[in-house]
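Chemist: Got a structure for you, start.txt, holding compact mmCIF, C-alpha atoms and all ligand atoms.
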```
# COMPACT_ATOMS: atom_id res chain seq x y z
CA MET A 1 -7.68 -5.17 -28.97
CA SER A 2 -6.89 -2.94 -31.92
CA ARG A 3 -4.54 -4.06 -34.65
CA PHE A 4 -2.16 -1.27 -33.56
CA LEU A 5 -1.22 -2.57 -30.10
CA SER A 6 2.42 -3.64 -29.86
CA ARG A 7 2.84 -7.40 -29.99
CA LYS A 8 4.66 -7.42 -26.66
CA PHE A 9 1.51 -6.20 -24.87
CA GLU A 10 -0.92 -8.65 -26.42
CA THR A 11 -0.77 -10.96 -23.40
CA LEU A 12 -0.58 -8.25 -20.71
CA LYS A 13 -3.09 -8.88 -17.91
CA PRO A 14 -3.87 -5.58 -16.19
CA TYR A 15 -4.30 -5.19 -12.44
CA THR A 16 -7.93 -5.34 -11.27
CA PRO A 17 -8.58 -2.54 -8.80
CA GLY A 18 -11.15 -3.02 -6.05
CA GLU A 19 -14.62 -1.82 -6.96
CA GLN A 20 -15.07 1.96 -6.77
CA PRO A 21 -18.87 2.43 -6.89
CA LYS A 22 -20.04 5.66 -8.51
CA ALA A 23 -22.76 6.31 -5.91
CA THR A 24 -21.53 5.53 -2.40
CA GLY A 25 -24.57 7.01 -0.58
CA ARG A 26 -25.92 3.97 1.25
CA LEU A 27 -22.85 1.81 0.91
CA ILE A 28 -20.40 0.92 3.63
CA LYS A 29 -17.21 0.78 1.63
CA LEU A 30 -14.63 -1.46 3.27
CA ASN A 31 -12.99 -2.91 0.17
CA THR A 32 -9.94 -0.81 -0.74
CA ASN A 33 -8.35 0.14 2.59
CA GLU A 34 -9.17 3.82 2.42
CA ASN A 35 -9.21 5.87 5.61
CA PRO A 36 -12.70 6.51 7.03
CA TYR A 37 -11.65 9.92 8.34
CA VAL A 38 -11.37 13.07 6.22
CA PRO A 39 -7.89 14.52 5.46
CA ALA A 40 -6.17 16.80 8.01
CA PRO A 41 -8.08 20.12 8.49
CA ALA A 42 -5.35 22.22 6.81
CA VAL A 43 -5.87 20.27 3.56
CA SER A 44 -9.40 21.61 3.02
CA LYS A 45 -8.26 25.18 3.72
CA LEU A 46 -5.70 25.15 0.95
CA ILE A 47 -7.97 24.83 -2.03
CA ASN A 48 -8.69 28.53 -2.51
CA SER A 49 -8.97 30.65 -5.65
CA HIS A 50 -5.27 31.52 -5.46
CA GLU A 51 -4.28 27.87 -5.77
CA ILE A 52 -6.85 27.38 -8.51
CA ASN A 53 -5.45 30.29 -10.53
CA ASP A 54 -1.97 28.81 -10.12
CA LEU A 55 -3.14 25.68 -11.91
CA LYS A 56 -2.28 27.54 -15.11
CA LEU A 57 1.38 26.95 -14.20
CA TYR A 58 3.20 23.63 -14.17
CA SER A 59 3.75 22.02 -10.80
CA ASP A 60 7.15 21.81 -9.09
CA PRO A 61 8.90 18.79 -10.69
CA ASP A 62 10.73 18.19 -7.39
CA ALA A 63 7.55 18.52 -5.28
CA SER A 64 9.90 20.31 -2.89
CA ILE A 65 7.50 21.31 -0.14
CA LEU A 66 6.20 17.75 0.02
CA THR A 67 9.59 16.03 0.02
CA ALA A 68 10.79 18.57 2.61
CA ALA A 69 7.81 17.78 4.85
CA VAL A 70 8.49 14.04 4.53
CA ALA A 71 12.22 14.54 5.22
CA ASP A 72 11.35 16.64 8.25
CA TYR A 73 8.90 14.04 9.57
CA TYR A 74 11.48 11.25 9.38
CA GLY A 75 14.58 13.32 10.20
CA ILE A 76 16.25 12.50 6.87
CA ARG A 77 17.57 14.65 4.01
CA ARG A 78 15.51 15.88 1.05
CA GLU A 79 17.91 14.10 -1.31
CA GLN A 80 16.75 10.84 0.28
CA VAL A 81 13.10 11.40 -0.70
CA MET A 82 11.17 11.36 -3.95
CA ALA A 83 7.43 11.80 -4.57
CA GLY A 84 5.26 9.89 -6.99
CA ASN A 85 1.73 9.93 -8.34
CA GLY A 86 0.63 7.39 -5.77
CA SER A 87 3.02 4.72 -4.59
CA ASP A 88 1.79 2.67 -7.55
CA GLU A 89 3.82 5.01 -9.76
CA ILE A 90 6.81 4.76 -7.40
CA LEU A 91 6.59 0.96 -7.61
CA ALA A 92 6.33 1.15 -11.40
CA PHE A 93 9.59 3.17 -11.53
CA ILE A 94 11.24 0.61 -9.23
CA PHE A 95 10.17 -2.39 -11.33
CA MET A 96 11.28 -0.49 -14.44
CA ALA A 97 14.67 0.52 -13.06
CA PHE A 98 15.90 -2.13 -10.64
CA GLN A 99 15.62 -5.64 -12.02
CA GLY A 100 19.05 -6.68 -10.78
CA ARG A 101 21.70 -8.29 -12.97
CA SER A 102 19.59 -11.45 -13.24
CA GLY A 103 16.43 -9.62 -14.29
CA LYS A 104 14.61 -11.30 -11.40
CA ILE A 105 12.34 -9.72 -8.82
CA TYR A 106 11.41 -11.75 -5.74
CA TYR A 107 8.22 -11.14 -3.74
CA PRO A 108 5.87 -13.18 -1.54
CA GLN A 109 3.44 -15.42 -3.39
CA ILE A 110 0.56 -13.84 -1.52
CA SER A 111 1.07 -10.09 -1.54
CA TYR A 112 0.11 -6.95 -3.42
CA SER A 113 -1.25 -8.31 -6.69
CA PHE A 114 0.20 -5.40 -8.66
CA TYR A 115 3.77 -6.82 -8.43
CA PRO A 116 3.29 -9.55 -11.07
CA VAL A 117 1.63 -7.01 -13.36
CA TYR A 118 4.65 -4.70 -13.15
CA CYS A 119 6.95 -7.65 -13.89
CA ASP A 120 4.84 -8.39 -16.93
CA ILE A 121 4.78 -4.86 -18.34
CA PHE A 122 8.47 -4.15 -17.61
CA LYS A 123 9.66 -7.61 -18.67
CA ALA A 124 11.20 -8.64 -15.37
CA GLU A 125 11.12 -12.26 -14.22
CA GLY A 126 8.85 -12.34 -11.17
CA VAL A 127 9.77 -15.02 -8.64
CA GLU A 128 6.99 -15.79 -6.17
CA VAL A 129 8.22 -16.99 -2.78
CA PRO A 130 5.64 -19.09 -0.86
CA LEU A 131 4.54 -17.96 2.60
CA ALA A 132 4.79 -20.21 5.67
CA ASP A 133 1.66 -22.23 6.53
CA ASP A 134 0.57 -19.56 9.01
CA PHE A 135 0.75 -16.95 6.20
CA SER A 136 3.87 -15.29 7.58
CA VAL A 137 6.78 -14.13 5.41
CA ARG A 138 9.94 -16.13 6.30
CA PRO A 139 12.94 -13.78 6.18
CA GLN A 140 15.41 -16.63 5.55
CA ASP A 141 13.65 -17.48 2.27
CA TYR A 142 15.07 -14.22 0.90
CA PHE A 143 18.67 -14.58 2.12
CA GLY A 144 21.17 -14.52 -0.72
CA ALA A 145 18.63 -14.03 -3.50
CA ASP A 146 19.95 -13.18 -6.98
CA GLY A 147 17.72 -10.26 -7.81
CA THR A 148 15.65 -7.44 -6.39
CA ILE A 149 13.42 -8.24 -3.40
CA VAL A 150 10.07 -6.54 -2.81
CA ILE A 151 8.25 -7.11 0.47
CA THR A 152 5.08 -5.42 1.67
CA ASN A 153 5.31 -4.82 5.41
CA PRO A 154 2.79 -5.30 6.89
CA ASN A 155 1.87 -7.67 4.11
CA ALA A 156 -1.38 -7.37 2.19
CA PRO A 157 -3.92 -8.92 2.23
CA THR A 158 -2.85 -10.76 5.41
CA GLY A 159 -2.02 -7.72 7.56
CA MET A 160 0.86 -9.63 9.16
CA ALA A 161 4.13 -7.78 9.82
CA LEU A 162 7.82 -8.57 10.09
CA SER A 163 9.79 -6.77 12.80
CA SER A 164 12.44 -4.26 11.77
CA ALA A 165 15.06 -6.73 13.07
CA GLN A 166 13.77 -9.37 10.65
CA ILE A 167 13.97 -6.92 7.77
CA GLU A 168 17.48 -6.00 8.81
CA GLU A 169 18.41 -9.69 8.49
CA ILE A 170 17.14 -9.64 4.90
CA LEU A 171 19.21 -6.51 4.20
CA ILE A 172 22.37 -7.98 5.72
CA HIS A 173 22.01 -11.16 3.65
CA ASN A 174 21.50 -9.24 0.41
CA ARG A 175 24.20 -6.59 0.27
CA GLU A 176 24.31 -6.84 -3.53
CA ASN A 177 20.55 -6.81 -4.04
CA LEU A 178 18.09 -3.98 -3.76
CA VAL A 179 15.52 -4.68 -1.03
CA VAL A 180 12.29 -2.71 -1.42
CA ILE A 181 9.99 -2.49 1.59
CA ASP A 182 6.47 -1.35 0.67
CA GLU A 183 5.23 0.26 3.88
CA ALA A 184 1.75 1.19 2.64
CA TYR A 185 0.23 0.13 5.99
CA VAL A 186 3.14 0.62 8.39
CA ASP A 187 1.49 3.44 10.35
CA PHE A 188 -1.15 1.12 11.78
CA GLY A 189 1.12 -0.66 14.22
CA ALA A 190 4.22 -2.05 12.47
CA GLU A 191 7.82 -0.80 12.65
CA SER A 192 9.11 1.37 9.80
CA VAL A 193 12.64 0.81 8.53
CA VAL A 194 13.09 4.35 7.17
CA SER A 195 15.85 4.96 9.73
CA PHE A 196 17.85 2.11 8.13
CA ILE A 197 18.38 3.99 4.85
CA GLU A 198 21.42 5.70 6.38
CA ARG A 199 23.07 2.35 7.12
CA TYR A 200 21.94 0.24 4.16
CA ASP A 201 22.46 1.55 0.64
CA ASN A 202 20.52 -1.46 -0.67
CA LEU A 203 17.24 -0.39 0.99
CA MET A 204 14.37 1.49 -0.62
CA VAL A 205 11.31 2.26 1.49
CA VAL A 206 8.02 2.99 -0.28
CA GLN A 207 5.14 4.70 1.47
CA THR A 208 1.80 6.17 0.48
CA LEU A 209 -0.39 8.97 1.80
CA SER A 210 -3.44 7.03 0.57
CA LYS A 211 -4.08 5.04 3.70
CA SER A 212 -2.86 6.51 6.98
CA ARG A 213 -3.06 10.13 5.73
CA SER A 214 -6.54 9.93 4.15
CA LEU A 215 -5.41 11.06 0.68
CA ALA A 216 -6.18 8.10 -1.60
CA GLY A 217 -7.84 10.40 -4.14
CA ALA A 218 -4.92 12.85 -4.20
CA ARG A 219 -2.47 10.12 -5.39
CA VAL A 220 0.67 10.77 -3.36
CA GLY A 221 3.38 8.15 -2.91
CA ILE A 222 6.89 8.42 -1.48
CA ALA A 223 10.21 6.66 -2.03
CA MET A 224 12.96 6.94 0.56
CA GLY A 225 16.49 5.63 0.26
CA ASN A 226 20.14 6.39 -0.15
CA GLU A 227 20.87 9.56 -2.22
CA LYS A 228 22.16 7.51 -5.15
CA LEU A 229 19.06 5.34 -5.27
CA ILE A 230 16.84 8.43 -5.20
CA ALA A 231 18.94 9.99 -7.97
CA ASP A 232 18.32 6.83 -10.02
CA MET A 233 14.58 7.13 -9.33
CA ASN A 234 14.68 10.74 -10.52
CA ARG A 235 16.55 9.68 -13.64
CA ILE A 236 13.59 7.44 -14.48
CA LYS A 237 10.97 9.97 -13.45
CA PHE A 238 12.52 12.80 -15.47
CA SER A 239 12.62 10.47 -18.47
CA PHE A 240 8.95 9.65 -18.11
CA ASN A 241 6.80 12.34 -16.45
CA PRO A 242 8.67 15.20 -14.75
CA TYR A 243 5.50 16.93 -13.46
CA ASN A 244 4.14 13.71 -12.04
CA LEU A 245 2.33 15.32 -9.11
CA ASN A 246 -0.21 18.08 -9.59
CA ARG A 247 -0.05 21.30 -7.60
CA LEU A 248 -2.98 20.54 -5.31
CA SER A 249 -1.71 17.10 -4.39
CA ILE A 250 1.74 18.44 -3.55
CA LEU A 251 0.16 20.97 -1.18
CA ALA A 252 -2.28 18.46 0.29
CA GLY A 253 0.50 15.94 0.87
CA ALA A 254 2.73 18.48 2.58
CA GLU A 255 -0.06 19.61 4.92
CA ALA A 256 -1.00 16.02 5.75
CA MET A 257 2.62 15.26 6.68
CA LYS A 258 2.89 18.36 8.88
CA ASP A 259 -0.23 17.79 10.99
CA ARG A 260 1.18 15.21 13.37
CA ARG A 261 -1.57 15.58 15.95
CA TYR A 262 -4.37 14.75 13.52
CA PHE A 263 -2.33 11.87 12.09
CA GLU A 264 -1.74 10.38 15.56
CA GLU A 265 -5.38 10.81 16.51
CA THR A 266 -6.85 9.16 13.40
CA ARG A 267 -4.42 6.26 13.19
CA ARG A 268 -4.94 5.55 16.90
CA LYS A 269 -8.74 5.50 16.36
CA ILE A 270 -8.34 3.03 13.52
CA MET A 271 -6.06 0.73 15.55
CA ASP A 272 -8.49 0.83 18.50
CA THR A 273 -11.44 0.10 16.21
CA ARG A 274 -9.50 -2.83 14.73
CA GLU A 275 -8.90 -4.39 18.14
CA GLU A 276 -12.60 -4.12 19.08
CA PHE A 277 -13.68 -5.46 15.71
CA VAL A 278 -11.32 -8.45 15.95
CA LYS A 279 -12.83 -9.37 19.35
CA ASP A 280 -16.36 -9.13 17.95
CA MET A 281 -15.54 -11.26 14.92
CA GLU A 282 -13.69 -13.87 16.98
CA SER A 283 -16.70 -14.15 19.24
CA LEU A 284 -18.69 -14.99 16.09
CA GLY A 285 -16.26 -17.80 15.33
CA PHE A 286 -14.11 -16.05 12.73
CA ARG A 287 -10.40 -16.66 12.40
CA ILE A 288 -8.60 -13.33 12.02
CA LEU A 289 -4.92 -13.20 11.09
CA PRO A 290 -2.88 -10.95 13.44
CA SER A 291 -3.13 -7.57 11.72
CA LYS A 292 -0.92 -4.50 11.96
CA ALA A 293 -2.78 -2.83 9.09
CA ASN A 294 -6.03 -0.91 8.60
CA PHE A 295 -7.71 -4.11 7.44
CA VAL A 296 -8.11 -7.66 8.65
CA PHE A 297 -8.12 -10.96 6.77
CA ALA A 298 -10.99 -13.07 8.07
CA SER A 299 -12.36 -16.56 7.48
CA SER A 300 -15.01 -18.77 9.07
CA HIS A 301 -15.77 -22.50 9.00
CA ALA A 302 -19.46 -21.57 8.86
CA ILE A 303 -19.40 -19.75 5.51
CA SER A 304 -17.14 -19.58 2.46
CA GLY A 305 -15.30 -16.38 1.64
CA GLU A 306 -17.26 -15.92 -1.54
CA GLU A 307 -20.65 -16.46 0.05
CA TYR A 308 -19.85 -14.16 2.96
CA PHE A 309 -18.75 -11.50 0.47
CA ASP A 310 -22.00 -11.88 -1.52
CA ARG A 311 -24.21 -11.83 1.56
CA LEU A 312 -22.55 -8.69 2.97
CA ARG A 313 -23.11 -7.01 -0.39
CA LYS A 314 -26.86 -7.49 0.07
CA TYR A 315 -26.52 -5.46 3.28
CA ASN A 316 -24.78 -2.74 1.22
CA ILE A 317 -21.40 -3.57 2.72
CA ILE A 318 -18.52 -4.12 0.30
CA VAL A 319 -15.40 -5.97 1.38
CA ARG A 320 -12.73 -7.60 -0.80
CA HIS A 321 -12.64 -11.23 -1.87
CA PHE A 322 -9.80 -12.81 -3.85
CA LYS A 323 -10.40 -15.81 -6.12
CA ASP A 324 -6.88 -17.27 -5.65
CA LYS A 325 -7.29 -20.82 -4.26
CA LYS A 326 -4.96 -20.30 -1.31
CA ILE A 327 -6.96 -17.39 0.07
CA CYS A 328 -10.45 -17.80 -1.41
CA ASN A 329 -11.89 -18.71 1.96
CA TYR A 330 -10.95 -15.32 3.35
CA VAL A 331 -12.30 -11.84 2.92
CA ARG A 332 -10.29 -8.70 3.50
CA ILE A 333 -12.18 -6.13 5.53
CA THR A 334 -11.01 -2.52 5.77
CA ILE A 335 -11.29 -0.93 9.22
CA GLY A 336 -13.82 1.91 8.98
CA THR A 337 -15.44 3.93 11.77
CA PRO A 338 -16.66 2.09 14.90
CA GLU A 339 -20.23 2.62 13.64
CA GLU A 340 -19.48 1.04 10.27
CA MET A 341 -17.82 -1.96 11.91
CA ASN A 342 -20.82 -2.40 14.21
CA VAL A 343 -23.16 -2.49 11.21
CA LEU A 344 -20.93 -5.16 9.67
CA VAL A 345 -20.90 -7.21 12.87
CA GLN A 346 -24.71 -7.02 13.14
CA ALA A 347 -25.08 -8.06 9.49
CA THR A 348 -22.67 -10.95 10.07
CA ARG A 349 -24.75 -12.13 13.05
CA LYS A 350 -27.85 -12.21 10.82
CA ILE A 351 -25.98 -13.93 7.96
CA LEU A 352 -24.76 -16.68 10.28
CA GLY A 353 -28.33 -17.03 11.60
C1 LIG B 401 -2.62 0.69 -1.49
C2 LIG B 401 -1.30 0.09 -1.77
C3 LIG B 401 -0.38 0.72 -2.61
C4 LIG B 401 -0.75 1.85 -3.52
O1 LIG B 401 -0.99 2.98 -2.94
P1 LIG B 401 -1.20 4.32 -3.79
O2 LIG B 401 -0.23 5.23 -3.15
O3 LIG B 401 -2.62 4.68 -3.56
O4 LIG B 401 -0.89 4.06 -5.23
C5 LIG B 401 0.89 0.19 -2.74
N1 LIG B 401 1.24 -0.94 -2.10
C6 LIG B 401 0.35 -1.60 -1.34
C7 LIG B 401 0.78 -2.86 -0.69
C8 LIG B 401 -0.93 -1.11 -1.16
O5 LIG B 401 -1.81 -1.80 -0.46
```
Can you give me the file's structure in the form of structure tokens?

Modeler:
Amino acid sequence: MSRFLSRKFETLKPYTPGEQPKATGRLIKLNTNENPYVPAPAVSKLINSHEINDLKLYSDPDASILTAAVADYYGIRREQVMAGNGSDEILAFIFMAFQGRSGKIYYPQISYSFYPVYCDIFKAEGVEVPLADDFSVRPQDYFGADGTIVITNPNAPTGMALSSAQIEEILIHNRENLVVIDEAYVDFGAESVVSFIERYDNLMVVQTLSKSRSLAGARVGIAMGNEKLIADMNRIKFSFNPYNLNRLSILAGAEAMKDRRYFEETRRKIMDTREEFVKDMESLGFRILPSKANFVFASSHAISGEEYFDRLRKYNIIVRHFKDKKICNYVRITIGTPEEMNVLVQATRKILG
């Protein structure tokens, strides 16, 4: 720490991203929920010399072609959509802007571990709401809260989802609170609540093109909500980084939204692979939480989470292990291609002897 850092950041504990190995050649990388399939075909066609020459110009601060493609996909208006440099940036704007009158932000105790970091940096009071014993989020625990509510649906790292009716209950019981639903994984089998933004002005839906649209490296996130909420988001964005998306990512994001056939095909493959993989792991004695995401949360009585993680690493397979006591016996495994999952299952057989 230099002697120049502001006092208020001396105790800041940054988010620890999953490992991103420099050389991925022989590795099977199942640790950060990326998509195993390449982006939609139109994305690779768009990086031509024309687009490269245009990099001399600033990007569109409204990312219009991207927000239009998102609005078109969901049948909503452009004024109800905003784009961010990954949904991490969208979430940062939300934690910066919407701390409620109480300054409190409620989220599940086991969830995306970036939420407490945002509370820390933006000086909100994070309130962690415990999960039920089966790791599910209990909607009633959020009824009548006195601050903003942030729920990942499906939740991470459990993969478990609430129904849209359950989320609607949370909205109805919090008319005076903003309810943020982080739908990073919603395309892998859960129900989106985007259509609710028309009816509930206290709803903000956050999505990302990193997972189901194969664009993690392009950094494209989306916020959807009532026009006034989106105007507030733009107020923050235009006070912080107006050209937050680069030209190539805006184009890539728009193309990825437009190619519905490729999207349907790849997400279907991932869901099918997940179901096969769950059966294989259960036959090896693993407990797998019911997942609607492109990952599963797995544990076994035969081996600790940490040891299983270490042993897989020796087979050049990386998964994610969290040290938190409540979940340290689990590993989170991203769903890759069927071939990758078979290699993992074979390695697991050998590890268990
Ligand atoms: C991956 C993830 C994000 C961040 O996605 P980016 O758009 O890549 O920044 C946000 N929320 C959750 C719950 C995630 O798992």

Chemist: Hey, which residues sit close to ligand LIG 401 (chain B)? Say within 7 Å, counting only C-alpha atoms and all ligand atoms, and write them as a ChimeraX atom specification.

Modeler: /A:86-89,112,152,155-156,182,184,208-211,216,219-221

Chemist: For the residues selected in the previous step, produce a file with C-alpha atoms as a compact mmCIF listing (two decimals), in the frame of the given file.

Modeler:
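The result, written out as result.txt:
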```
# COMPACT_ATOMS: atom_id res chain seq x y z
CA GLY A 86 0.63 7.39 -5.77
CA SER A 87 3.02 4.72 -4.59
CA ASP A 88 1.79 2.67 -7.55
CA GLU A 89 3.82 5.01 -9.76
CA TYR A 112 0.11 -6.95 -3.42
CA THR A 152 5.08 -5.42 1.67
CA ASN A 155 1.87 -7.67 4.11
CA ALA A 156 -1.38 -7.37 2.19
CA ASP A 182 6.47 -1.35 0.67
CA ALA A 184 1.75 1.19 2.64
CA THR A 208 1.80 6.17 0.48
CA LEU A 209 -0.39 8.97 1.80
CA SER A 210 -3.44 7.03 0.57
CA LYS A 211 -4.08 5.04 3.70
CA ALA A 216 -6.18 8.10 -1.60
CA ARG A 219 -2.47 10.12 -5.39
CA VAL A 220 0.67 10.77 -3.36
CA GLY A 221 3.38 8.15 -2.91
```

Chemist: Which residues come within 7 Å of stretch 198-202 of chain A, counting only C-alpha atoms, excluding same-chain residues fewer than 6 positions away, as a short mmCIF file (atom, residue, chain, number, x, y, z; two decimals) with C-alpha atoms, keeping the file's coordinate frame?

Modeler:
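Okay, this is what ended up in out_6.cif:
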```
data_model
loop_
_atom_site.label_atom_id
_atom_site.label_comp_id
_atom_site.auth_asym_id
_atom_site.auth_seq_id
_atom_site.Cartn_x
_atom_site.Cartn_y
_atom_site.Cartn_z
CA ARG A 175 24.20 -6.59 0.27
CA ASN A 177 20.55 -6.81 -4.04
CA LEU A 178 18.09 -3.98 -3.76
CA VAL A 179 15.52 -4.68 -1.03
CA ASN A 226 20.14 6.39 -0.15
#
```

Chemist: From the set A:Val129, A:Ala68, A:Val345, A:Cys119, which residue has the shortest atom-to-atom contact distance to A:Tyr15, counting all atoms listed in the file?

Modeler: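 Checking each candidate against A:Tyr15, we get A:Cys119 as the closest.
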
Chemist: Residues around (-1.8, -15.4, -0.7), cut-off 7 Å, counting all atoms listed in the file - what are they as a ChimeraX atom specification?

Modeler: /A:109-111,326-327

Chemist: So, with only C-alpha atoms as the atoms that count, which of A:Ile76, A:Ile333, A:Ile172, A:Met204 lies closest to A:Leu289?

Modeler: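 Checking each of A:Ile76, A:Ile333, A:Ile172, A:Met204 against A:Leu289, counting only C-alpha atoms, the winner is A:Ile333.
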
Chemist: How many Å lie between atom CA of A:Ala42 and atom CA of A:Val205, rounded to one decimal?

Modeler: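 For atom CA of A:Ala42 relative to atom CA of A:Val205, the distance reads 26.5 Å.
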
Chemist: Which is closest to A:Thr32 among A:Val319, A:Ile250, A:Ala71, A:Val180, if we use all atoms listed in the file?

Modeler: A:Val319

Chemist: Considering only C-alpha atoms, can you say which of A:Phe122, A:Phe240, A:Phe295, A:Phe143 comes closest to A:Asn35?

Modeler: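 Checking each candidate against A:Asn35, we get A:Phe295 as the closest.
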
Chemist: Give the answer as one residue: which of A:Glu282, A:Pro157, A:Tyr58, A:Ile47 has the shortest atom-to-atom distance to A:Phe322, using only C-alpha atoms?

Modeler: A:Pro157

Chemist: Atom CA of A:Ile303 to atom CA of A:Arg274: how many Å, to one decimal?

Modeler: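 Interatomic distance here is 21.7 Å.
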
Chemist: Which polymer residues have any atom within 9 Å of an atom of stretch 189-192 of chain A, counting only C-alpha atoms, with same-chain residues fewer than 3 positions away left out, as a PyMOL selection string?

Modeler: chain A and resi 153-154+160-164+183+185-186+195-196+205+267+271+291-293

Chemist: What is the atom CA of A:Arg260 to atom CA of A:Ala165 distance in Å?

Modeler: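 Result for atom CA of A:Arg260 versus atom CA of A:Ala165: 26.0 Å, one decimal.
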
Chemist: Compile the contact shell of A:Ala92 as a ChimeraX atom specification: residues with an atom at most 12 Å away, counting only C-alpha atoms, same-chain residues fewer than 6 positions apart removed.

Modeler: /A:84-86,98-99,114-124,206,221,223,233,236-237,240
